[in-house]
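**Q** Data file structure-v7.csv (CSV, C-alpha atoms and all ligand atoms) is appended below.
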chain,number,residue,atom,x,y,z
A,1,MET,CA,109.6,-83.8,-25.1
A,2,THR,CA,111.2,-82.1,-22.2
A,3,LEU,CA,108.9,-80.7,-19.5
A,4,LEU,CA,108.3,-77.5,-21.5
A,5,HIS,CA,108.1,-77.1,-25.3
A,6,VAL,CA,108.1,-73.7,-26.8
A,7,ASP,CA,106.7,-73.4,-30.3
A,8,LYS,CA,109.2,-70.9,-31.7
A,9,GLU,CA,106.9,-70.1,-34.7
A,10,LYS,CA,104.3,-68.7,-32.3
A,11,CYS,CA,106.4,-67.4,-29.3
A,12,LYS,CA,106.8,-63.6,-29.2
A,13,ARG,CA,109.3,-63.8,-26.3
A,14,ASP,CA,107.2,-61.5,-24.2
A,15,GLY,CA,108.2,-63.3,-21.0
A,16,ILE,CA,104.6,-63.6,-19.6
A,17,CYS,CA,105.1,-67.3,-19.0
A,18,ALA,CA,108.2,-66.6,-16.9
A,19,ALA,CA,106.5,-63.8,-15.0
A,20,VAL,CA,103.5,-65.9,-13.9
A,21,CYS,CA,105.3,-69.2,-13.2
A,22,PRO,CA,104.8,-69.7,-9.4
A,23,ALA,CA,107.9,-71.8,-9.0
A,24,LYS,CA,110.0,-69.4,-11.1
A,25,ILE,CA,111.5,-72.2,-13.2
A,26,ILE,CA,111.0,-70.4,-16.5
A,27,VAL,CA,113.6,-67.8,-17.7
A,28,LEU,CA,114.4,-65.8,-20.8
A,29,PRO,CA,118.2,-65.6,-20.6
A,30,SER,CA,118.1,-62.4,-22.6
A,31,GLU,CA,115.4,-60.2,-24.3
A,32,THR,CA,116.0,-61.9,-27.6
A,33,ASP,CA,115.9,-65.5,-26.2
A,34,TYR,CA,113.0,-67.9,-26.1
A,35,PRO,CA,111.8,-69.0,-22.6
A,36,GLU,CA,113.5,-72.0,-21.2
A,37,MET,CA,113.4,-74.0,-18.0
A,38,ILE,CA,116.1,-73.6,-15.4
A,39,GLU,CA,118.3,-76.6,-14.5
A,40,ASP,CA,116.4,-79.1,-12.3
A,41,GLY,CA,113.3,-77.0,-12.9
A,42,GLU,CA,111.3,-80.2,-13.3
A,43,GLN,CA,111.5,-81.0,-9.6
A,44,SER,CA,110.0,-77.6,-8.6
A,45,CYS,CA,107.3,-77.5,-11.3
A,46,ILE,CA,103.8,-77.8,-9.7
A,47,ARG,CA,102.1,-78.6,-13.0
A,48,CYS,CA,99.6,-75.8,-12.6
A,49,GLY,CA,99.6,-75.1,-16.3
A,50,HIS,CA,99.8,-71.3,-15.9
A,51,CYS,CA,102.5,-71.0,-18.5
A,52,VAL,CA,100.3,-72.7,-21.0
A,53,ALA,CA,97.1,-70.9,-20.0
A,54,VAL,CA,98.6,-67.4,-19.9
A,55,CYS,CA,100.4,-67.4,-23.3
A,56,PRO,CA,98.3,-65.3,-25.7
A,57,HIS,CA,99.9,-67.0,-28.7
A,58,GLY,CA,99.4,-70.6,-27.7
A,59,ALA,CA,103.1,-71.1,-27.9
A,60,MET,CA,103.8,-72.9,-24.6
A,61,ASN,CA,103.2,-76.6,-24.1
A,62,HIS,CA,103.8,-78.5,-20.9
A,63,GLU,CA,104.5,-82.2,-20.9
A,64,SER,CA,101.3,-82.7,-18.9
A,65,MET,CA,99.2,-80.4,-21.0
A,66,GLY,CA,99.7,-79.0,-24.5
A,67,ALA,CA,98.2,-75.6,-25.5
A,68,ALA,CA,95.7,-77.6,-27.7
A,69,ASP,CA,94.5,-79.6,-24.7
A,70,CYS,CA,93.6,-76.6,-22.7
A,71,PRO,CA,90.2,-75.1,-23.9
A,72,PRO,CA,90.3,-71.3,-24.7
A,73,VAL,CA,88.6,-69.0,-22.2
A,74,ARG,CA,85.1,-68.1,-23.6
A,75,LYS,CA,84.9,-64.4,-22.8
A,76,GLU,CA,81.2,-64.3,-23.7
A,77,TRP,CA,80.5,-66.8,-20.8
A,78,LEU,CA,82.3,-64.9,-18.1
A,79,LEU,CA,80.1,-63.4,-15.4
A,80,GLY,CA,80.2,-59.6,-14.8
A,81,ALA,CA,80.3,-58.2,-11.2
A,82,GLU,CA,76.5,-58.1,-10.9
A,83,GLN,CA,75.9,-61.6,-12.2
A,84,THR,CA,78.7,-63.0,-10.0
A,85,GLU,CA,77.1,-61.4,-6.9
A,86,HIS,CA,73.7,-62.6,-7.9
A,87,PHE,CA,74.9,-66.2,-8.7
A,88,LEU,CA,76.7,-66.4,-5.3
A,89,ARG,CA,73.9,-64.9,-3.3
A,90,ASN,CA,71.3,-67.2,-4.9
A,91,ARG,CA,73.0,-70.4,-3.6
A,92,ARG,CA,70.9,-71.8,-0.8
A,93,SER,CA,71.3,-74.8,1.5
A,94,THR,CA,68.7,-77.2,0.2
A,95,ARG,CA,67.0,-79.3,2.8
A,96,VAL,CA,63.8,-80.5,1.0
A,97,TYR,CA,64.4,-82.8,-1.9
A,98,LYS,CA,62.3,-84.5,-4.6
A,99,GLU,CA,62.2,-88.3,-4.5
A,100,LYS,CA,63.9,-88.4,-7.9
A,101,PRO,CA,67.5,-89.4,-7.7
A,102,VAL,CA,70.3,-87.5,-9.5
A,103,ASP,CA,71.8,-89.5,-12.4
A,104,GLN,CA,75.3,-90.7,-11.8
A,105,GLU,CA,76.6,-88.9,-14.9
A,106,THR,CA,75.6,-85.5,-13.4
A,107,LEU,CA,77.2,-86.3,-10.0
A,108,VAL,CA,80.4,-87.2,-11.8
A,109,ARG,CA,80.2,-84.0,-13.8
A,110,LEU,CA,79.9,-82.0,-10.6
A,111,VAL,CA,83.0,-83.7,-9.1
A,112,GLU,CA,84.8,-83.1,-12.4
A,113,ILE,CA,84.1,-79.3,-12.0
A,114,ALA,CA,85.0,-79.4,-8.3
A,115,ARG,CA,88.4,-80.7,-9.1
A,116,TYR,CA,89.3,-77.3,-10.6
A,117,ALA,CA,89.3,-75.9,-7.1
A,118,PRO,CA,92.6,-74.6,-5.8
A,119,SER,CA,94.9,-76.8,-3.7
A,120,GLY,CA,98.2,-76.2,-2.0
A,121,ARG,CA,101.0,-76.6,-4.5
A,122,ASN,CA,98.4,-77.9,-6.9
A,123,THR,CA,98.6,-81.3,-5.3
A,124,GLN,CA,94.9,-82.0,-5.8
A,125,PRO,CA,94.7,-84.2,-2.7
A,126,VAL,CA,90.9,-84.5,-2.5
A,127,LYS,CA,89.2,-87.9,-3.1
A,128,TRP,CA,85.5,-88.5,-3.3
A,129,LYS,CA,83.1,-91.1,-2.1
A,130,ILE,CA,79.5,-90.8,-3.2
A,131,VAL,CA,76.6,-92.5,-1.4
A,132,GLN,CA,74.3,-93.4,-4.3
A,133,GLU,CA,71.3,-94.9,-2.6
A,134,LYS,CA,68.9,-93.1,-0.3
A,135,LYS,CA,68.7,-96.1,1.9
A,136,ASP,CA,72.4,-96.0,2.5
A,137,VAL,CA,72.3,-92.2,3.2
A,138,LYS,CA,69.7,-93.0,5.8
A,139,ARG,CA,71.7,-95.9,7.3
A,140,LEU,CA,74.7,-93.6,7.7
A,141,SER,CA,72.4,-91.0,9.4
A,142,GLY,CA,71.5,-93.7,11.8
A,143,HIS,CA,75.2,-93.9,12.9
A,144,VAL,CA,75.2,-90.1,13.5
A,145,ILE,CA,72.2,-90.6,15.8
A,146,ASP,CA,73.9,-93.4,17.7
A,147,TRP,CA,76.9,-91.1,18.1
A,148,MET,CA,74.6,-88.3,19.4
A,149,ARG,CA,72.9,-90.7,21.8
A,150,GLN,CA,76.2,-91.7,23.3
A,151,LEU,CA,77.3,-88.0,23.7
A,152,ILE,CA,73.9,-87.3,25.4
A,153,ASP,CA,74.4,-90.3,27.7
A,154,GLU,CA,77.9,-89.0,28.6
A,155,LYS,CA,76.3,-85.6,29.3
A,156,SER,CA,78.8,-84.0,26.9
A,157,PRO,CA,78.6,-80.2,26.8
A,158,PHE,CA,79.0,-80.5,23.0
A,159,ALA,CA,75.8,-82.5,22.9
A,160,GLU,CA,74.0,-79.7,24.8
A,161,ALA,CA,75.5,-76.9,22.7
A,162,MET,CA,74.5,-78.6,19.5
A,163,GLN,CA,71.0,-79.4,20.8
A,164,MET,CA,71.5,-83.1,20.1
A,165,GLY,CA,68.6,-84.1,22.3
A,166,ARG,CA,66.2,-82.3,20.0
A,167,ILE,CA,67.8,-83.8,16.9
A,168,VAL,CA,67.6,-87.4,18.3
A,169,GLN,CA,64.0,-86.7,19.2
A,170,GLY,CA,63.2,-85.6,15.6
A,171,TRP,CA,64.8,-88.8,14.3
A,172,GLU,CA,62.6,-90.8,16.7
A,173,TYR,CA,59.5,-89.0,15.4
A,174,GLY,CA,60.5,-90.3,11.9
A,175,MET,CA,62.2,-87.2,10.6
A,176,ASP,CA,65.8,-87.0,9.2
A,177,PRO,CA,67.5,-84.0,10.7
A,178,ILE,CA,70.9,-85.3,9.8
A,179,THR,CA,70.7,-85.7,6.0
A,180,ARG,CA,67.2,-84.4,5.4
A,181,ASP,CA,66.0,-87.4,3.4
A,182,ALA,CA,68.5,-86.5,0.7
A,183,PRO,CA,68.9,-89.0,-2.1
A,184,HIS,CA,72.7,-88.8,-2.2
A,185,LEU,CA,75.7,-87.8,0.0
A,186,VAL,CA,79.0,-86.6,-1.5
A,187,ILE,CA,81.9,-87.1,0.8
A,188,ALA,CA,85.4,-85.4,0.3
A,189,HIS,CA,88.3,-87.2,1.9
A,190,GLY,CA,92.0,-86.9,2.1
A,191,HIS,CA,95.1,-88.4,3.7
A,192,LYS,CA,95.4,-87.7,7.4
A,193,SER,CA,99.0,-86.7,7.1
A,194,ASP,CA,98.4,-84.1,4.4
A,195,PRO,CA,98.1,-80.6,6.0
A,196,THR,CA,96.5,-79.1,2.9
A,197,ALA,CA,93.8,-81.8,2.4
A,198,GLN,CA,91.2,-80.3,4.7
A,199,THR,CA,91.3,-76.8,3.2
A,200,ALA,CA,91.4,-78.2,-0.4
A,201,ALA,CA,88.4,-80.4,0.4
A,202,THR,CA,86.4,-77.5,1.9
A,203,ILE,CA,87.0,-75.4,-1.2
A,204,ALA,CA,86.3,-78.3,-3.6
A,205,LEU,CA,83.0,-79.0,-1.8
A,206,ALA,CA,82.1,-75.3,-2.0
A,207,TYR,CA,82.8,-75.5,-5.8
A,208,PHE,CA,80.5,-78.6,-5.9
A,209,GLU,CA,77.7,-76.9,-4.0
A,210,LEU,CA,77.9,-73.8,-6.2
A,211,ALA,CA,78.1,-75.8,-9.4
A,212,ALA,CA,75.1,-77.8,-8.3
A,213,THR,CA,73.0,-74.6,-8.6
A,214,GLY,CA,73.9,-74.3,-12.3
A,215,PHE,CA,72.5,-77.8,-12.8
A,216,GLU,CA,69.3,-76.9,-11.0
A,217,LEU,CA,70.3,-79.2,-8.2
A,218,GLY,CA,70.5,-78.5,-4.5
A,219,ALA,CA,73.1,-79.3,-1.9
A,220,CYS,CA,73.6,-78.8,1.8
A,221,TRP,CA,76.6,-79.1,4.0
A,222,ALA,CA,76.3,-82.2,6.3
A,223,GLY,CA,78.0,-80.9,9.4
A,224,TYR,CA,76.7,-83.4,11.9
A,225,PHE,CA,77.5,-86.2,9.5
A,226,THR,CA,81.1,-84.9,9.1
A,227,ALA,CA,81.6,-84.7,12.9
A,228,ALA,CA,80.4,-88.2,13.4
A,229,ALA,CA,82.7,-89.4,10.6
A,230,LEU,CA,85.6,-87.9,12.5
A,231,PHE,CA,84.7,-89.2,15.9
A,232,TRP,CA,82.5,-92.3,15.8
A,233,PRO,CA,84.3,-95.6,14.9
A,234,PRO,CA,81.1,-97.4,13.7
A,235,MET,CA,80.6,-94.6,11.2
A,236,GLN,CA,84.2,-94.8,10.1
A,237,GLU,CA,83.8,-98.5,9.6
A,238,ALA,CA,80.6,-98.0,7.6
A,239,LEU,CA,82.3,-95.4,5.4
A,240,ALA,CA,85.3,-97.6,4.7
A,241,LEU,CA,87.5,-94.8,3.4
A,242,PRO,CA,91.0,-95.8,2.2
A,243,GLU,CA,93.5,-96.5,5.0
A,244,ASN,CA,94.7,-93.3,6.7
A,245,HIS,CA,92.1,-91.2,5.0
A,246,THR,CA,89.8,-88.9,6.9
A,247,CYS,CA,86.4,-87.4,6.0
A,248,CYS,CA,87.0,-83.7,5.3
A,249,GLY,CA,83.4,-82.7,4.7
A,250,ALA,CA,80.2,-83.9,3.0
A,251,LEU,CA,77.2,-82.5,1.1
A,252,MET,CA,73.7,-83.8,0.8
A,253,VAL,CA,72.7,-83.5,-2.9
A,254,GLY,CA,69.4,-83.9,-4.8
A,255,HIS,CA,66.7,-82.2,-6.8
A,256,PRO,CA,65.2,-79.3,-4.8
A,257,LYS,CA,61.5,-79.6,-4.1
A,258,PHE,CA,61.1,-75.8,-3.8
A,259,LYS,CA,62.5,-72.7,-5.6
A,260,TYR,CA,63.6,-69.6,-3.6
A,261,HIS,CA,62.3,-66.3,-4.9
A,262,ARG,CA,64.3,-63.8,-2.9
A,263,LEU,CA,67.9,-63.4,-1.6
A,264,PRO,CA,67.9,-63.4,2.2
A,265,LEU,CA,70.0,-60.9,4.1
A,266,ARG,CA,73.1,-61.6,6.1
A,267,ASN,CA,75.1,-59.7,8.8
A,268,GLU,CA,77.1,-56.7,7.9
A,269,PRO,CA,80.7,-57.7,7.4
A,270,GLU,CA,83.1,-56.8,10.1
A,271,ILE,CA,86.2,-55.4,8.5
A,272,THR,CA,89.3,-53.9,10.1
A,273,TRP,CA,92.0,-52.3,8.1
A,274,LEU,CA,95.7,-52.4,8.7
B,1,LIG,C1,80.3,-76.3,7.9
B,1,LIG,C2,78.8,-76.3,7.7
B,1,LIG,C3,78.1,-77.3,8.2
B,1,LIG,C4,76.7,-77.3,8.1
B,1,LIG,N1,76.0,-78.4,8.5
B,1,LIG,C5,74.7,-78.4,8.3
B,1,LIG,C6,73.9,-79.6,8.7
B,1,LIG,O1,74.4,-80.5,9.3
B,1,LIG,N2,72.6,-79.6,8.5
B,1,LIG,C7,71.9,-78.5,7.8
B,1,LIG,O2,70.7,-78.6,7.6
B,1,LIG,N3,72.6,-77.4,7.4
B,1,LIG,C8,74.0,-77.4,7.6
B,1,LIG,N4,74.7,-76.3,7.2
B,1,LIG,C9,74.0,-75.2,6.4
B,1,LIG,C10,73.9,-73.9,7.2
B,1,LIG,O3,72.9,-74.0,8.2
B,1,LIG,C11,73.6,-72.8,6.1
B,1,LIG,O4,74.7,-72.6,5.3
B,1,LIG,C12,73.2,-71.5,6.8
B,1,LIG,O5,72.0,-71.6,7.5
B,1,LIG,C13,73.0,-70.4,5.8
B,1,LIG,O6,72.0,-70.7,4.8
B,1,LIG,P1,72.3,-70.7,3.3
B,1,LIG,O7,73.4,-71.8,3.1
B,1,LIG,O8,71.1,-71.1,2.5
B,1,LIG,O9,72.8,-69.4,2.9
B,1,LIG,C14,76.1,-76.2,7.3
B,1,LIG,C15,76.9,-75.2,6.8
B,1,LIG,C16,78.2,-75.2,6.9
B,1,LIG,C17,79.0,-74.2,6.3
Write the structure described by the file as structure tokens, please.
**A**
Amino acid sequence: MTLLHVDKEKCKRDGICAAVCPAKIIVLPSETDYPEMIEDGEQSCIRCGHCVAVCPHGAMNHESMGAADCPPVRKEWLLGAEQTEHFLRNRRSTRVYKEKPVDQETLVRLVEIARYAPSGRNTQPVKWKIVQEKKDVKRLSGHVIDWMRQLIDEKSPFAEAMQMGRIVQGWEYGMDPITRDAPHLVIAHGHKSDPTAQTAATIALAYFELAATGFELGACWAGYFTAAALFWPPMQEALALPENHTCCGALMVGHPKFKYHRLPLRNEPEITWL
């Protein structure tokens, strides 16, 4: 099969596939022709599957995904405006977890969902590292504390701005202000030279966090952890990411100990119009 295969029995020559193709590699030479790929189109195709997904007749097939491989949209499962707002506003940063670990299958399922997040030119550059054992999450938090102690010793303004003294003190009192005694840590990483990896990872982590709520799990961005992973060599050694990869963000994950019963308020948006 070439890159695109049009099922001529099903195709209505409506041109929708050509209209949505982001790389503009699909054309209908005339109104009566079937869609076809331009010469050398293969090199420009970003394999986003829009041509397959948009065809109302299931007539388009891409080498990487046939129409039959792509599940149909379940309209009855789509959220309306009210439900969407409620779903998004109901996501909370979870900082108190049950002792119970999350099974590996569920963590993998959440990563599977997060991989549908958008990425520049659909390159899907995000890789994942999951810290499975609570003792290892704690050990990594210890590296964050070491990094903070060093910044405090150096009298770094960053340490002061981030109130690192208080954080280290909390740790010394036996609390875990870094990863909140979470049972797992999910780290998104990407190649240092890829300018799209950081944004793609941030979006994918946001998908992960939102998806977690649907599984009655809780997550929380691990900002201190991420900063230490960027700047503290002992942490980088402990993480052992692939060569030339950098940590793009991390989430604590676990079963929330408490449920929230109201939606807290946020600042009014500041919008300017042009
Ligand atoms: C980039 C980023 C880093 C964060 N880092 C931490 C962190 O290290 N520890 C923590 O407890 N919460 C962290 N948070 C969670 C925020 O404090 C939280 O999103 C905010 O207070 C709003 O609460 P909500 O998420 O429940 O709406 C972080 C959030 C973001 C977006």
**Q** Do you know which residues lie at most 10 Å from (87.0, -93.7, 0.0), with coordinates as in the file and all atoms listed in the file counted, and could you write them as a list in words?
**A**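 Collected hits near the coordinates: Lys127, Trp128, Lys129, Ile130, Ile187, Ala188, His189, Gly190, Leu239, Ala240, Leu241, Pro242, Glu243, His245, Thr246 and Cys247 of chain A.
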**Q** Quick one: pull the distance between CA of Tyr116 (chain A) and CA of Val27 (chain A), Å, one decimal.
**A**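 Separating CA of Tyr116 (chain A) from CA of Val27 (chain A) is a distance of 27.0 Å.
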**Q** List as a ChimeraX atom specification the protein and nucleic acid residues lying within 10 Å of ligand LIG 1 (chain B), with all atoms listed in the file counted.
**A** /A:88-96,176-180,202,206,209,219-227,249-252,260,263-266
**Q** In Å, how far is it from CA of Thr106 (chain A) to CA of Lys134 (chain A)?
**A**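 Going from CA of Thr106 (chain A) over to CA of Lys134 (chain A), I get 16.6 Å.
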**Q** Considering only C-alpha atoms, state which residue in the set A:Val186, A:Met164, A:Ala201, A:Leu140 is at the smallest distance from Met235 (chain A).
**A** A:Leu140
**Q** What is the CA of Ala117 (chain A) to CA of Asn267 (chain A) distance in Å?
**A**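 Value for the CA of Ala117 (chain A)-CA of Asn267 (chain A) distance: 26.8 Å.
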**Q** Measuring between only C-alpha atoms, which one of A:Ala229, A:Arg13, A:Met60, A:Phe215 shows the shortest distance to Pro29 (chain A)?
**A** A:Arg13
**Q** Please return, as a list of chain:residue names, all polymer residues that have at least one atom within 9 Å of the point (72.5, -93.5, -3.5); use only C-alpha atoms and the file's own coordinate frame.
**A**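 Collected hits near the coordinates: A:Pro101, A:Val102, A:Ile130, A:Val131, A:Gln132, A:Glu133, A:Lys134, A:Lys135, A:Asp136, A:Val137, A:Pro183, A:His184, A:Leu185.
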**Q** Deliver the residues from the most recent selection as a file, using C-alpha atoms, as a PDB file, in the frame of the given file.
**A**
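The resulting file, part-v3.pdb, is reproduced below:
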ATOM      1  CA  PRO A 101      67.500 -89.400  -7.700  1.00  0.00           C
ATOM      2  CA  VAL A 102      70.300 -87.500  -9.500  1.00  0.00           C
ATOM      3  CA  ILE A 130      79.500 -90.800  -3.200  1.00  0.00           C
ATOM      4  CA  VAL A 131      76.600 -92.500  -1.400  1.00  0.00           C
ATOM      5  CA  GLN A 132      74.300 -93.400  -4.300  1.00  0.00           C
ATOM      6  CA  GLU A 133      71.300 -94.900  -2.600  1.00  0.00           C
ATOM      7  CA  LYS A 134      68.900 -93.100  -0.300  1.00  0.00           C
ATOM      8  CA  LYS A 135      68.700 -96.100   1.900  1.00  0.00           C
ATOM      9  CA  ASP A 136      72.400 -96.000   2.500  1.00  0.00           C
ATOM     10  CA  VAL A 137      72.300 -92.200   3.200  1.00  0.00           C
ATOM     11  CA  PRO A 183      68.900 -89.000  -2.100  1.00  0.00           C
ATOM     12  CA  HIS A 184      72.700 -88.800  -2.200  1.00  0.00           C
ATOM     13  CA  LEU A 185      75.700 -87.800   0.000  1.00  0.00           C
TER      14      LEU A 185
END
**Q** Just want the 12 Å neighbourhood of Gly41 (chain A), counted on only C-alpha atoms, with same-chain residues fewer than 4 positions away dropped. Output as a list in words.
**A**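 Residues meeting the cut-off are Thr2, Leu3, Leu4, Cys21, Pro22, Ala23, Lys24, Ile25, Ile26, Val27, Glu36, Met37, Cys45, Ile46 and Arg47 of chain A.
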**Q** Got time to write the residues from that selection, C-alpha atoms, as a PDB file, keeping the file's coordinate frame?
**A**
ATOM      1  CA  THR A   2     111.200 -82.100 -22.200  1.00  0.00           C
ATOM      2  CA  LEU A   3     108.900 -80.700 -19.500  1.00  0.00           C
ATOM      3  CA  LEU A   4     108.300 -77.500 -21.500  1.00  0.00           C
ATOM      4  CA  CYS A  21     105.300 -69.200 -13.200  1.00  0.00           C
ATOM      5  CA  PRO A  22     104.800 -69.700  -9.400  1.00  0.00           C
ATOM      6  CA  ALA A  23     107.900 -71.800  -9.000  1.00  0.00           C
ATOM      7  CA  LYS A  24     110.000 -69.400 -11.100  1.00  0.00           C
ATOM      8  CA  ILE A  25     111.500 -72.200 -13.200  1.00  0.00           C
ATOM      9  CA  ILE A  26     111.000 -70.400 -16.500  1.00  0.00           C
ATOM     10  CA  VAL A  27     113.600 -67.800 -17.700  1.00  0.00           C
ATOM     11  CA  GLU A  36     113.500 -72.000 -21.200  1.00  0.00           C
ATOM     12  CA  MET A  37     113.400 -74.000 -18.000  1.00  0.00           C
ATOM     13  CA  CYS A  45     107.300 -77.500 -11.300  1.00  0.00           C
ATOM     14  CA  ILE A  46     103.800 -77.800  -9.700  1.00  0.00           C
ATOM     15  CA  ARG A  47     102.100 -78.600 -13.000  1.00  0.00           C
TER      16      ARG A  47
END
**Q** Neighbouring residues of Pro234 (chain A) were defined as those with any atom within 10 Å, considering all atoms listed in the file; residues of the same chain fewer than 6 positions away were excluded. Please report them as a list in words.
**A**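 In the requested form, the answer reads Leu140, His143, Val144, Asp146, Trp147, Ala228 and Ala240 of chain A.
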**Q** Compare A:Ile16, A:Cys48, A:Leu28, A:Met148 by their minimum atom-to-atom distance to His62 (chain A), counting all atoms listed in the file, and give me the closest one.
**A** A:Cys48
**Q** Which one of A:Met175, A:Cys55, A:Val73, A:Val111 sits closest to Leu205 (chain A) if you count only C-alpha atoms?
**A**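 Comparing A:Met175, A:Cys55, A:Val73, A:Val111 against Leu205 (chain A), the winner is A:Val111.
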**Q** Identify which of the residues A:Val54, A:Ala204, A:Leu217, A:Leu151 lies closest to Leu107 (chain A), counting only C-alpha atoms when measuring atom-to-atom distances.
**A**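 Smallest distance to Leu107 (chain A) is found for A:Leu217.
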**Q** Could you check the closest approach to Glu9 (chain A) for each of A:Ala59, A:Leu78, A:Ala161, A:Ala182 and tell me which residue wins, using only C-alpha atoms?
**A**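 Distance minimum relative to Glu9 (chain A) lands on A:Ala59.
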**Q** Region 102-139 of chain A near region 193-197 of chain A within 12 Å: what's each residue's closest atom pair and its distance in Å to one decimal, counting only C-alpha atoms, ordered by chain then ascending residue number, as a Markdown table?
**A**
| residue | atom | partner | partner_atom | distance |
| --- | --- | --- | --- | --- |
| A:Pro118 | CA | A:Thr196 | CA | 10.5 |
| A:Ser119 | CA | A:Thr196 | CA | 7.2 |
| A:Gly120 | CA | A:Thr196 | CA | 5.9 |
| A:Arg121 | CA | A:Thr196 | CA | 9.0 |
| A:Asn122 | CA | A:Thr196 | CA | 10.1 |
| A:Thr123 | CA | A:Thr196 | CA | 8.7 |
| A:Gln124 | CA | A:Ala197 | CA | 8.3 |
| A:Pro125 | CA | A:Ala197 | CA | 5.7 |
| A:Val126 | CA | A:Ala197 | CA | 6.3 |
| A:Lys127 | CA | A:Ala197 | CA | 9.4 |
**Q** For the residues in the current selection, export C-alpha atoms as an mmCIF file, in the coordinates of the input.
**A**
data_model
loop_
_atom_site.group_PDB
_atom_site.id
_atom_site.type_symbol
_atom_site.label_atom_id
_atom_site.label_comp_id
_atom_site.auth_asym_id
_atom_site.auth_seq_id
_atom_site.Cartn_x
_atom_site.Cartn_y
_atom_site.Cartn_z
ATOM 1 C CA PRO A 118 92.600 -74.600 -5.800
ATOM 2 C CA SER A 119 94.900 -76.800 -3.700
ATOM 3 C CA GLY A 120 98.200 -76.200 -2.000
ATOM 4 C CA ARG A 121 101.000 -76.600 -4.500
ATOM 5 C CA ASN A 122 98.400 -77.900 -6.900
ATOM 6 C CA THR A 123 98.600 -81.300 -5.300
ATOM 7 C CA GLN A 124 94.900 -82.000 -5.800
ATOM 8 C CA PRO A 125 94.700 -84.200 -2.700
ATOM 9 C CA VAL A 126 90.900 -84.500 -2.500
ATOM 10 C CA LYS A 127 89.200 -87.900 -3.100
#
**Q** So that I can check the surroundings of Val168 (chain A), please list as a PyMOL selection string every protein, DNA and RNA residue that reaches within 8 Å of it, counting only C-alpha atoms and ignoring chain neighbours fewer than 2 positions away.
**A** chain A and resi 145+148-149+164-166+170-172
**Q** Next, write the just-selected residues to a file, as an mmCIF file, keeping the file's coordinate frame, keeping C-alpha atoms as the atom set.
**A**
data_model
loop_
_atom_site.group_PDB
_atom_site.id
_atom_site.type_symbol
_atom_site.label_atom_id
_atom_site.label_comp_id
_atom_site.auth_asym_id
_atom_site.auth_seq_id
_atom_site.Cartn_x
_atom_site.Cartn_y
_atom_site.Cartn_z
ATOM 1 C CA ILE A 145 72.200 -90.600 15.800
ATOM 2 C CA MET A 148 74.600 -88.300 19.400
ATOM 3 C CA ARG A 149 72.900 -90.700 21.800
ATOM 4 C CA MET A 164 71.500 -83.100 20.100
ATOM 5 C CA GLY A 165 68.600 -84.100 22.300
ATOM 6 C CA ARG A 166 66.200 -82.300 20.000
ATOM 7 C CA GLY A 170 63.200 -85.600 15.600
ATOM 8 C CA TRP A 171 64.800 -88.800 14.300
ATOM 9 C CA GLU A 172 62.600 -90.800 16.700
#
